[in-house]
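Student: Data file model11.cif (mmCIF, C-alpha atoms) is appended below.
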data_data
#
loop_
_atom_site.group_PDB
_atom_site.id
_atom_site.type_symbol
_atom_site.label_atom_id
_atom_site.label_comp_id
_atom_site.auth_asym_id
_atom_site.auth_seq_id
_atom_site.Cartn_x
_atom_site.Cartn_y
_atom_site.Cartn_z
ATOM 1 C CA MET A 1 -76.253 -34.288 79.123
ATOM 2 C CA ASN A 2 -78.948 -36.873 79.827
ATOM 3 C CA ASP A 3 -77.806 -37.971 83.274
ATOM 4 C CA GLN A 4 -80.761 -37.186 85.530
ATOM 5 C CA ASN A 5 -78.637 -36.057 88.489
ATOM 6 C CA ALA A 6 -76.620 -33.687 86.308
ATOM 7 C CA VAL A 7 -79.782 -32.192 84.817
ATOM 8 C CA THR A 8 -81.290 -31.733 88.284
ATOM 9 C CA GLU A 9 -78.138 -30.017 89.556
ATOM 10 C CA MET A 10 -78.159 -27.740 86.521
ATOM 11 C CA PHE A 11 -81.739 -26.613 87.130
ATOM 12 C CA ASP A 12 -81.038 -26.147 90.828
ATOM 13 C CA GLY A 13 -78.142 -23.925 89.800
ATOM 14 C CA ILE A 14 -80.163 -21.652 87.516
ATOM 15 C CA SER A 15 -83.429 -21.738 89.488
ATOM 16 C CA SER A 16 -83.237 -18.144 90.777
ATOM 17 C CA HIS A 17 -82.951 -16.795 87.216
ATOM 18 C CA TYR A 18 -85.049 -19.404 85.417
ATOM 19 C CA ASP A 19 -88.367 -17.570 85.102
ATOM 20 C CA PHE A 20 -86.771 -14.245 84.196
ATOM 21 C CA LEU A 21 -84.595 -15.776 81.496
ATOM 22 C CA ASN A 22 -87.435 -17.892 80.095
ATOM 23 C CA HIS A 23 -89.548 -14.799 79.525
ATOM 24 C CA LEU A 24 -86.594 -12.694 78.345
ATOM 25 C CA LEU A 25 -85.169 -15.211 75.879
ATOM 26 C CA SER A 26 -88.586 -16.031 74.415
ATOM 27 C CA PHE A 27 -89.650 -12.350 74.354
ATOM 28 C CA GLY A 28 -92.544 -13.357 76.614
ATOM 29 C CA ILE A 29 -94.112 -15.652 74.019
ATOM 30 C CA ASP A 30 -93.716 -18.668 76.322
ATOM 31 C CA ARG A 31 -96.657 -17.334 78.355
ATOM 32 C CA ARG A 32 -98.859 -17.498 75.266
ATOM 33 C CA TRP A 33 -97.748 -21.076 74.544
ATOM 34 C CA ARG A 34 -98.659 -22.167 78.065
ATOM 35 C CA ARG A 35 -102.008 -20.400 77.837
ATOM 36 C CA LYS A 36 -102.857 -22.216 74.591
ATOM 37 C CA THR A 37 -101.794 -25.524 76.113
ATOM 38 C CA SER A 38 -103.941 -24.910 79.167
ATOM 39 C CA LYS A 39 -106.954 -23.977 77.036
ATOM 40 C CA ARG A 40 -106.579 -27.211 75.063
ATOM 41 C CA VAL A 41 -106.500 -29.291 78.243
ATOM 42 C CA ALA A 42 -109.451 -27.355 79.692
ATOM 43 C CA LYS A 43 -111.669 -28.561 76.849
ATOM 44 C CA ARG A 44 -111.591 -31.995 78.495
ATOM 45 C CA HIS A 45 -112.750 -30.621 81.883
ATOM 46 C CA PRO A 46 -110.269 -32.695 83.930
ATOM 47 C CA MET A 47 -110.763 -32.663 87.682
ATOM 48 C CA GLU A 48 -107.377 -34.109 88.675
ATOM 49 C CA ILE A 49 -104.253 -33.121 86.741
ATOM 50 C CA LEU A 50 -100.621 -34.159 87.098
ATOM 51 C CA ASP A 51 -98.038 -31.654 85.827
ATOM 52 C CA VAL A 52 -94.751 -33.481 85.306
ATOM 53 C CA ALA A 53 -91.417 -31.612 85.442
ATOM 54 C CA THR A 54 -93.433 -28.683 86.747
ATOM 55 C CA GLY A 55 -90.369 -26.549 87.527
ATOM 56 C CA THR A 56 -91.530 -23.279 89.042
ATOM 57 C CA ALA A 57 -95.162 -24.258 88.329
ATOM 58 C CA ASP A 58 -95.894 -21.825 85.491
ATOM 59 C CA LEU A 59 -98.118 -24.269 83.591
ATOM 60 C CA ALA A 60 -99.789 -25.496 86.783
ATOM 61 C CA ILE A 61 -100.647 -21.908 87.723
ATOM 62 C CA ARG A 62 -101.983 -21.190 84.250
ATOM 63 C CA MET A 63 -104.183 -24.305 84.372
ATOM 64 C CA ALA A 64 -105.460 -23.385 87.828
ATOM 65 C CA LYS A 65 -106.689 -20.071 86.443
ATOM 66 C CA ASP A 66 -108.387 -21.724 83.455
ATOM 67 C CA MET A 67 -109.784 -24.674 85.441
ATOM 68 C CA PRO A 68 -110.688 -23.350 88.903
ATOM 69 C CA ASP A 69 -112.502 -26.560 89.872
ATOM 70 C CA SER A 70 -109.512 -28.785 89.132
ATOM 71 C CA VAL A 71 -106.846 -30.006 91.535
ATOM 72 C CA ILE A 72 -103.314 -29.933 90.106
ATOM 73 C CA LEU A 73 -100.336 -31.821 91.445
ATOM 74 C CA GLY A 74 -96.903 -30.874 90.146
ATOM 75 C CA ILE A 75 -93.773 -32.995 90.436
ATOM 76 C CA ASP A 76 -90.141 -32.171 89.729
ATOM 77 C CA LEU A 77 -86.709 -33.388 90.782
ATOM 78 C CA SER A 78 -85.334 -29.884 91.383
ATOM 79 C CA LYS A 79 -86.201 -28.917 94.935
ATOM 80 C CA LYS A 80 -85.029 -25.347 94.412
ATOM 81 C CA MET A 81 -87.360 -24.928 91.437
ATOM 82 C CA LEU A 82 -90.208 -26.329 93.541
ATOM 83 C CA GLU A 83 -89.446 -23.872 96.339
ATOM 84 C CA LEU A 84 -89.816 -20.986 93.897
ATOM 85 C CA GLY A 85 -93.005 -22.545 92.579
ATOM 86 C CA GLU A 86 -94.419 -22.765 96.092
ATOM 87 C CA GLU A 87 -93.712 -19.059 96.629
ATOM 88 C CA LYS A 88 -95.589 -18.159 93.447
ATOM 89 C CA ILE A 89 -98.524 -20.399 94.364
ATOM 90 C CA GLN A 90 -98.810 -18.807 97.803
ATOM 91 C CA LYS A 91 -98.681 -15.282 96.372
ATOM 92 C CA LYS A 92 -101.498 -16.158 93.975
ATOM 93 C CA ASN A 93 -103.590 -17.819 96.728
ATOM 94 C CA LEU A 94 -103.666 -21.140 94.907
ATOM 95 C CA THR A 95 -102.423 -23.383 97.717
ATOM 96 C CA ARG A 96 -105.735 -25.259 97.931
ATOM 97 C CA GLN A 97 -105.694 -26.034 94.239
ATOM 98 C CA ILE A 98 -102.022 -26.714 93.437
ATOM 99 C CA HIS A 99 -99.742 -29.069 95.355
ATOM 100 C CA LEU A 100 -96.071 -29.673 94.580
ATOM 101 C CA GLN A 101 -93.722 -32.469 95.541
ATOM 102 C CA ALA A 102 -90.288 -33.762 94.602
ATOM 103 C CA ALA A 103 -90.509 -36.832 92.389
ATOM 104 C CA SER A 104 -89.026 -38.320 89.243
ATOM 105 C CA ALA A 105 -90.903 -38.541 85.962
ATOM 106 C CA LEU A 106 -89.332 -41.967 85.517
ATOM 107 C CA ALA A 107 -90.916 -43.302 88.718
ATOM 108 C CA ILE A 108 -94.103 -41.336 89.325
ATOM 109 C CA PRO A 109 -95.209 -42.156 92.900
ATOM 110 C CA PHE A 110 -98.902 -42.633 92.165
ATOM 111 C CA PRO A 111 -101.028 -45.655 91.258
ATOM 112 C CA ASP A 112 -102.395 -46.430 87.813
ATOM 113 C CA ASN A 113 -105.470 -44.437 86.754
ATOM 114 C CA SER A 114 -104.845 -41.550 89.154
ATOM 115 C CA PHE A 115 -105.367 -38.496 86.921
ATOM 116 C CA ASP A 116 -107.742 -37.244 84.240
ATOM 117 C CA ALA A 117 -104.915 -35.437 82.432
ATOM 118 C CA VAL A 118 -101.127 -35.423 82.568
ATOM 119 C CA THR A 119 -99.146 -32.457 81.275
ATOM 120 C CA VAL A 120 -95.551 -31.381 80.885
ATOM 121 C CA ALA A 121 -94.100 -28.121 79.569
ATOM 122 C CA PHE A 122 -90.515 -27.959 78.323
ATOM 123 C CA GLY A 123 -89.512 -31.011 80.328
ATOM 124 C CA VAL A 124 -89.641 -34.211 78.287
ATOM 125 C CA ARG A 125 -86.442 -33.468 76.380
ATOM 126 C CA ASN A 126 -84.648 -33.605 79.740
ATOM 127 C CA PHE A 127 -85.860 -37.136 80.569
ATOM 128 C CA SER A 128 -82.893 -39.493 80.816
ATOM 129 C CA ASP A 129 -85.144 -42.181 79.303
ATOM 130 C CA LEU A 130 -87.782 -40.571 77.101
ATOM 131 C CA LYS A 131 -90.019 -43.582 76.508
ATOM 132 C CA ALA A 132 -89.852 -44.697 80.132
ATOM 133 C CA GLY A 133 -91.020 -41.266 81.277
ATOM 134 C CA LEU A 134 -93.820 -41.175 78.714
ATOM 135 C CA ARG A 135 -94.983 -44.665 79.715
ATOM 136 C CA GLU A 136 -95.143 -43.521 83.333
ATOM 137 C CA MET A 137 -97.324 -40.601 82.289
ATOM 138 C CA VAL A 138 -99.633 -42.970 80.405
ATOM 139 C CA ARG A 139 -99.718 -45.368 83.359
ATOM 140 C CA VAL A 140 -101.003 -42.811 85.854
ATOM 141 C CA CYS A 141 -103.512 -41.299 83.425
ATOM 142 C CA ARG A 142 -107.043 -42.663 83.447
ATOM 143 C CA ASP A 143 -108.638 -44.371 80.470
ATOM 144 C CA ASP A 144 -109.671 -41.756 77.889
ATOM 145 C CA GLY A 145 -107.502 -39.246 79.754
ATOM 146 C CA MET A 146 -105.377 -36.698 77.932
ATOM 147 C CA ILE A 147 -101.602 -36.399 77.752
ATOM 148 C CA ALA A 148 -100.497 -32.885 76.717
ATOM 149 C CA ILE A 149 -96.845 -32.040 76.095
ATOM 150 C CA LEU A 150 -95.559 -28.552 75.281
ATOM 151 C CA GLU A 151 -91.992 -28.638 74.044
ATOM 152 C CA PHE A 152 -89.515 -26.603 72.063
ATOM 153 C CA SER A 153 -89.144 -27.813 68.497
ATOM 154 C CA TYR A 154 -86.990 -27.017 65.517
ATOM 155 C CA PRO A 155 -88.691 -24.832 62.891
ATOM 156 C CA THR A 156 -89.085 -26.338 59.420
ATOM 157 C CA ASN A 157 -89.449 -23.040 57.560
ATOM 158 C CA GLY A 158 -86.065 -22.199 56.021
ATOM 159 C CA LEU A 159 -85.808 -18.549 57.092
ATOM 160 C CA VAL A 160 -87.268 -19.122 60.567
ATOM 161 C CA LYS A 161 -84.968 -22.116 60.993
ATOM 162 C CA ARG A 162 -81.855 -20.108 60.140
ATOM 163 C CA LEU A 163 -82.828 -17.235 62.429
ATOM 164 C CA TYR A 164 -83.684 -19.624 65.244
ATOM 165 C CA ARG A 165 -80.407 -21.517 64.867
ATOM 166 C CA TRP A 166 -78.408 -18.276 65.017
ATOM 167 C CA TYR A 167 -80.351 -16.985 68.019
ATOM 168 C CA SER A 168 -80.263 -20.256 69.957
ATOM 169 C CA ARG A 169 -76.592 -20.983 69.308
ATOM 170 C CA ARG A 170 -75.137 -17.497 69.578
ATOM 171 C CA CYS A 171 -77.416 -15.346 71.713
ATOM 172 C CA ILE A 172 -79.052 -17.659 74.256
ATOM 173 C CA PRO A 173 -75.787 -19.131 75.661
ATOM 174 C CA ARG A 174 -74.191 -15.699 76.004
ATOM 175 C CA ILE A 175 -77.164 -14.044 77.671
ATOM 176 C CA GLY A 176 -77.719 -17.073 79.892
ATOM 177 C CA ARG A 177 -74.108 -17.214 81.070
ATOM 178 C CA LYS A 178 -74.063 -13.504 81.802
ATOM 179 C CA ILE A 179 -77.261 -13.437 83.845
ATOM 180 C CA ALA A 180 -77.461 -16.922 85.379
ATOM 181 C CA LYS A 181 -73.685 -17.235 85.922
ATOM 182 C CA HIS A 182 -73.879 -20.898 84.919
ATOM 183 C CA PRO A 183 -71.123 -22.123 82.546
ATOM 184 C CA THR A 184 -73.131 -24.712 80.595
ATOM 185 C CA ALA A 185 -76.891 -24.488 81.234
ATOM 186 C CA TYR A 186 -77.786 -22.166 78.390
ATOM 187 C CA SER A 187 -75.570 -24.034 75.964
ATOM 188 C CA TYR A 188 -77.219 -27.295 76.977
ATOM 189 C CA LEU A 189 -80.762 -25.999 76.504
ATOM 190 C CA PRO A 190 -80.447 -25.121 72.771
ATOM 191 C CA SER A 191 -78.484 -28.306 72.041
ATOM 192 C CA SER A 192 -81.160 -30.403 73.760
ATOM 193 C CA VAL A 193 -83.796 -28.845 71.494
ATOM 194 C CA GLU A 194 -81.786 -29.711 68.382
ATOM 195 C CA ALA A 195 -81.357 -33.303 69.551
ATOM 196 C CA PHE A 196 -85.007 -33.811 70.456
ATOM 197 C CA PRO A 197 -87.145 -35.874 68.013
ATOM 198 C CA SER A 198 -89.719 -33.187 67.285
ATOM 199 C CA GLY A 199 -92.672 -33.067 64.922
ATOM 200 C CA GLU A 200 -93.833 -36.294 63.321
ATOM 201 C CA ALA A 201 -90.972 -38.234 64.946
ATOM 202 C CA PHE A 202 -92.166 -37.398 68.444
ATOM 203 C CA GLU A 203 -95.795 -38.024 67.570
ATOM 204 C CA THR A 204 -94.741 -41.497 66.420
ATOM 205 C CA ILE A 205 -93.131 -42.082 69.821
ATOM 206 C CA LEU A 206 -96.388 -41.086 71.521
ATOM 207 C CA LYS A 207 -98.157 -43.796 69.551
ATOM 208 C CA GLU A 208 -95.442 -46.305 70.451
ATOM 209 C CA VAL A 209 -96.031 -45.743 74.178
ATOM 210 C CA GLY A 210 -99.726 -46.457 73.754
ATOM 211 C CA LEU A 211 -101.525 -43.188 72.996
ATOM 212 C CA ILE A 212 -104.253 -42.900 70.376
ATOM 213 C CA ASP A 213 -105.751 -39.989 68.426
ATOM 214 C CA THR A 214 -102.451 -38.142 68.682
ATOM 215 C CA GLY A 215 -101.959 -34.708 67.201
ATOM 216 C CA ARG A 216 -99.750 -31.652 67.312
ATOM 217 C CA LYS A 217 -100.027 -27.910 66.965
ATOM 218 C CA ALA A 218 -96.994 -25.794 66.112
ATOM 219 C CA PHE A 219 -96.655 -22.349 67.670
ATOM 220 C CA SER A 220 -94.670 -19.315 66.489
ATOM 221 C CA GLY A 221 -93.391 -20.826 63.272
ATOM 222 C CA GLY A 222 -92.556 -24.140 64.894
ATOM 223 C CA ILE A 223 -90.384 -22.835 67.726
ATOM 224 C CA ALA A 224 -92.658 -24.679 70.147
ATOM 225 C CA THR A 225 -95.161 -27.480 69.591
ATOM 226 C CA LEU A 226 -98.067 -28.820 71.601
ATOM 227 C CA TYR A 227 -98.345 -32.600 71.280
ATOM 228 C CA TYR A 228 -101.318 -34.515 72.626
ATOM 229 C CA GLY A 229 -102.839 -37.950 72.717
ATOM 230 C CA PHE A 230 -105.345 -40.008 74.668
ATOM 231 C CA VAL A 231 -105.159 -43.153 76.756
ATOM 232 C CA PRO A 232 -107.259 -45.944 75.179
ATOM 233 C CA ILE A 233 -110.332 -47.264 76.957
ATOM 234 C CA ASN A 234 -109.609 -50.467 78.933
ATOM 235 C CA SER A 235 -105.859 -49.948 78.556
ATOM 236 C CA HIS A 236 -105.162 -50.551 82.260
ATOM 237 C CA PRO A 237 -105.542 -54.035 83.759
ATOM 238 C CA ILE A 238 -108.358 -54.494 86.255
ATOM 239 C CA GLN A 239 -106.940 -54.509 89.786
#
Let me see the file written as structure tokens.

Tutor:
Amino acid sequence: MNDQNAVTEMFDGISSHYDFLNHLLSFGIDRRWRRKTSKRVAKRHPMEILDVATGTADLAIRMAKDMPDSVILGIDLSKKMLELGEEKIQKKNLTRQIHLQAASALAIPFPDNSFDAVTVAFGVRNFSDLKAGLREMVRVCRDDGMIAILEFSYPTNGLVKRLYRWYSRRCIPRIGRKIAKHPTAYSYLPSSVEAFPSGEAFETILKEVGLIDTGRKAFSGGIATLYYGFVPINSHPIQ
């Protein structure tokens, strides 16, 4: 499933259960992954951040806590996910710092050089055109700005890999169907992780779209990975 409309409809359909299932199926470790991602971005002291495929704004909220002087704009195609994100932002009194709007990662509605950092958590594997979405992220990021991508990955350790495969193929779809009442969403999610070019392969793609000084940090035995890179100086044409 890499049709953008189908993916958007799927996330609209599971939006009311999305946060609960994320934390349940990851045993709450996803919070730690977002915190580590946010801390890595915070080292650059960005003032304006774009969070792509923000969903219910979990990463945006985490970054707002770690970078209280920053302004964060989150975009996503799923309006229902954004509505839930708005509710969370209001409850946490972060409406002055975080702003959400519906937009596609493949056509980000902002000019070149608009942000000091661009982030995405668990969203790039859902892009219908991976390189096009990454190039858009690079385009709107300022020279020497940081791109940070948190994504599920496939463990390389033999035992962890076998356990993860069993859990993702057998347990996640069953639990997801039972709670979210969606026939395919939680079968799609594990299969999309398996199909995603993780590790060195994805880091190579980051270099192909123009990033330099790329790197990656695996979390929890490789179940998730933080990828990062930087936009070269003078990479954008002078307007």

Student: Please determine, counting only C-alpha atoms, which residue among A:Arg142, A:Arg135, A:Lys80, A:Arg40 has the shortest atom-to-atom distance to Val209 of chain A.

Tutor: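 Closest candidate: A:Arg135.
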
Student: Within 9 Å of Lys161 of chain A, counting all atoms listed in the file, which residues show up once you throw out same-chain ones fewer than 4 positions away? Write them as a PyMOL selection string, please.

Tutor: chain A and resi 154-157+165-166+221-223

Student: Measure the distance from atom CA of Arg34 of chain A to atom CA of Tyr228 of chain A in Å and round it to one decimal.

Tutor: 13.8 Å

Student: Please report the interatomic distance between atom CA of Gly210 of chain A and atom CA of Ala195 of chain A in Å with one decimal.

Tutor: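 Rounded to one decimal, the two atoms are 23.0 Å apart.
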
Student: Mind checking which residues fall within 10 Å of Glu48 of chain A, counting all atoms listed in the file, ignoring those fewer than 5 positions away in the same chain, and posting them as a VMD selection string?

Tutor: chain A and resid 69 to 73 97 114 to 118 141

Student: Rounded to one decimal place, report the atom CA of Glu151 of chain A-atom CA of Arg125 of chain A distance in Å.

Tutor: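 Here the two named atoms are 7.7 Å from each other.
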
Student: For a quick check of understanding, using all atoms listed in the file, which of A:Lys65, A:Ala53, A:Phe230, A:Ser153 has the smallest distance to Ala201 of chain A?

Tutor: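 Ranking A:Lys65, A:Ala53, A:Phe230, A:Ser153 by distance to Ala201 of chain A, first place goes to A:Ser153.
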
Student: Considering all atoms listed in the file, return as a list in words whatever protein or nucleic-acid residues lie within 9 Å of Ala60 of chain A, sequence-local ones (same chain, fewer than 2 positions apart) excluded.

Tutor: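 After dropping sequence-adjacent residues, the list is Ser38, Ile49, Leu50, Asp51, Thr54, Thr56, Ala57, Asp58, Arg62, Met63, Ala64, Lys65, Ile72, Leu73, Gly74, Ile98 and Thr119 of chain A.
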
Student: Output the selection as an mmCIF file, in the frame of the given file - C-alpha atoms for each residue.

Tutor:
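To be explicit, this is the file written out as result_19.cif:
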data_model
loop_
_atom_site.group_PDB
_atom_site.id
_atom_site.type_symbol
_atom_site.label_atom_id
_atom_site.label_comp_id
_atom_site.auth_asym_id
_atom_site.auth_seq_id
_atom_site.Cartn_x
_atom_site.Cartn_y
_atom_site.Cartn_z
ATOM 1 C CA SER A 38 -103.941 -24.910 79.167
ATOM 2 C CA ILE A 49 -104.253 -33.121 86.741
ATOM 3 C CA LEU A 50 -100.621 -34.159 87.098
ATOM 4 C CA ASP A 51 -98.038 -31.654 85.827
ATOM 5 C CA THR A 54 -93.433 -28.683 86.747
ATOM 6 C CA THR A 56 -91.530 -23.279 89.042
ATOM 7 C CA ALA A 57 -95.162 -24.258 88.329
ATOM 8 C CA ASP A 58 -95.894 -21.825 85.491
ATOM 9 C CA ARG A 62 -101.983 -21.190 84.250
ATOM 10 C CA MET A 63 -104.183 -24.305 84.372
ATOM 11 C CA ALA A 64 -105.460 -23.385 87.828
ATOM 12 C CA LYS A 65 -106.689 -20.071 86.443
ATOM 13 C CA ILE A 72 -103.314 -29.933 90.106
ATOM 14 C CA LEU A 73 -100.336 -31.821 91.445
ATOM 15 C CA GLY A 74 -96.903 -30.874 90.146
ATOM 16 C CA ILE A 98 -102.022 -26.714 93.437
ATOM 17 C CA THR A 119 -99.146 -32.457 81.275
#

Student: As JSON, what would the box around segment 122-135 of chain A look like: edges along x, y and z, 3 Å added on every side, centre and edge lengths in Å to one decimal?

Tutor:
{"center_x": -88.9, "center_y": -36.3, "center_z": 78.8, "size_x": 18.1, "size_y": 22.7, "size_z": 10.9}

Student: Which residue, A:Arg162, A:Phe152, A:Asp143, A:Lys217, has the smallest gap to Pro232 of chain A when you use only C-alpha atoms?

Tutor: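 Smallest distance to Pro232 of chain A is found for A:Asp143.
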
Student: Just need segment 148-159 of chain A in a file, please: N, CA, C and O atoms, as a PDB file, in the first residue's frame.

Tutor:
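out32.pdb, freshly written:
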ATOM      1  N   ALA A 148      16.212  15.141  10.680  1.00  0.00           N
ATOM      2  CA  ALA A 148      16.228  14.028  11.637  1.00  0.00           C
ATOM      3  C   ALA A 148      15.019  13.134  11.391  1.00  0.00           C
ATOM      4  O   ALA A 148      13.879  13.614  11.376  1.00  0.00           O
ATOM      5  N   ILE A 149      15.271  11.856  11.195  1.00  0.00           N
ATOM      6  CA  ILE A 149      14.213  10.910  10.828  1.00  0.00           C
ATOM      7  C   ILE A 149      14.252   9.719  11.782  1.00  0.00           C
ATOM      8  O   ILE A 149      15.239   8.975  11.827  1.00  0.00           O
ATOM      9  N   LEU A 150      13.194   9.544  12.547  1.00  0.00           N
ATOM     10  CA  LEU A 150      13.042   8.381  13.419  1.00  0.00           C
ATOM     11  C   LEU A 150      12.126   7.396  12.711  1.00  0.00           C
ATOM     12  O   LEU A 150      11.010   7.752  12.317  1.00  0.00           O
ATOM     13  N   GLU A 151      12.596   6.169  12.549  1.00  0.00           N
ATOM     14  CA  GLU A 151      11.795   5.206  11.799  1.00  0.00           C
ATOM     15  C   GLU A 151      12.025   3.799  12.345  1.00  0.00           C
ATOM     16  O   GLU A 151      13.096   3.488  12.871  1.00  0.00           O
ATOM     17  N   PHE A 152      11.003   2.979  12.229  1.00  0.00           N
ATOM     18  CA  PHE A 152      11.167   1.567  12.555  1.00  0.00           C
ATOM     19  C   PHE A 152      12.194   0.956  11.610  1.00  0.00           C
ATOM     20  O   PHE A 152      12.297   1.352  10.446  1.00  0.00           O
ATOM     21  N   SER A 153      12.937  -0.006  12.095  1.00  0.00           N
ATOM     22  CA  SER A 153      13.915  -0.693  11.266  1.00  0.00           C
ATOM     23  C   SER A 153      13.889  -2.174  11.608  1.00  0.00           C
ATOM     24  O   SER A 153      13.251  -2.584  12.586  1.00  0.00           O
ATOM     25  N   TYR A 154      14.572  -2.954  10.807  1.00  0.00           N
ATOM     26  CA  TYR A 154      14.571  -4.389  11.031  1.00  0.00           C
ATOM     27  C   TYR A 154      15.845  -4.770  11.763  1.00  0.00           C
ATOM     28  O   TYR A 154      16.940  -4.499  11.266  1.00  0.00           O
ATOM     29  N   PRO A 155      15.739  -5.388  12.942  1.00  0.00           N
ATOM     30  CA  PRO A 155      16.936  -5.736  13.707  1.00  0.00           C
ATOM     31  C   PRO A 155      17.878  -6.643  12.921  1.00  0.00           C
ATOM     32  O   PRO A 155      17.440  -7.480  12.124  1.00  0.00           O
ATOM     33  N   THR A 156      19.172  -6.482  13.153  1.00  0.00           N
ATOM     34  CA  THR A 156      20.165  -7.327  12.480  1.00  0.00           C
ATOM     35  C   THR A 156      20.619  -8.476  13.365  1.00  0.00           C
ATOM     36  O   THR A 156      21.085  -9.503  12.856  1.00  0.00           O
ATOM     37  N   ASN A 157      20.489  -8.324  14.681  1.00  0.00           N
ATOM     38  CA  ASN A 157      20.831  -9.406  15.596  1.00  0.00           C
ATOM     39  C   ASN A 157      19.896 -10.593  15.379  1.00  0.00           C
ATOM     40  O   ASN A 157      18.668 -10.436  15.333  1.00  0.00           O
ATOM     41  N   GLY A 158      20.450 -11.788  15.239  1.00  0.00           N
ATOM     42  CA  GLY A 158      19.658 -12.962  14.889  1.00  0.00           C
ATOM     43  C   GLY A 158      18.494 -13.232  15.816  1.00  0.00           C
ATOM     44  O   GLY A 158      17.351 -13.401  15.368  1.00  0.00           O
ATOM     45  N   LEU A 159      18.738 -13.281  17.130  1.00  0.00           N
ATOM     46  CA  LEU A 159      17.679 -13.589  18.087  1.00  0.00           C
ATOM     47  C   LEU A 159      16.638 -12.481  18.124  1.00  0.00           C
ATOM     48  O   LEU A 159      15.421 -12.752  18.088  1.00  0.00           O
TER      49      LEU A 159
END
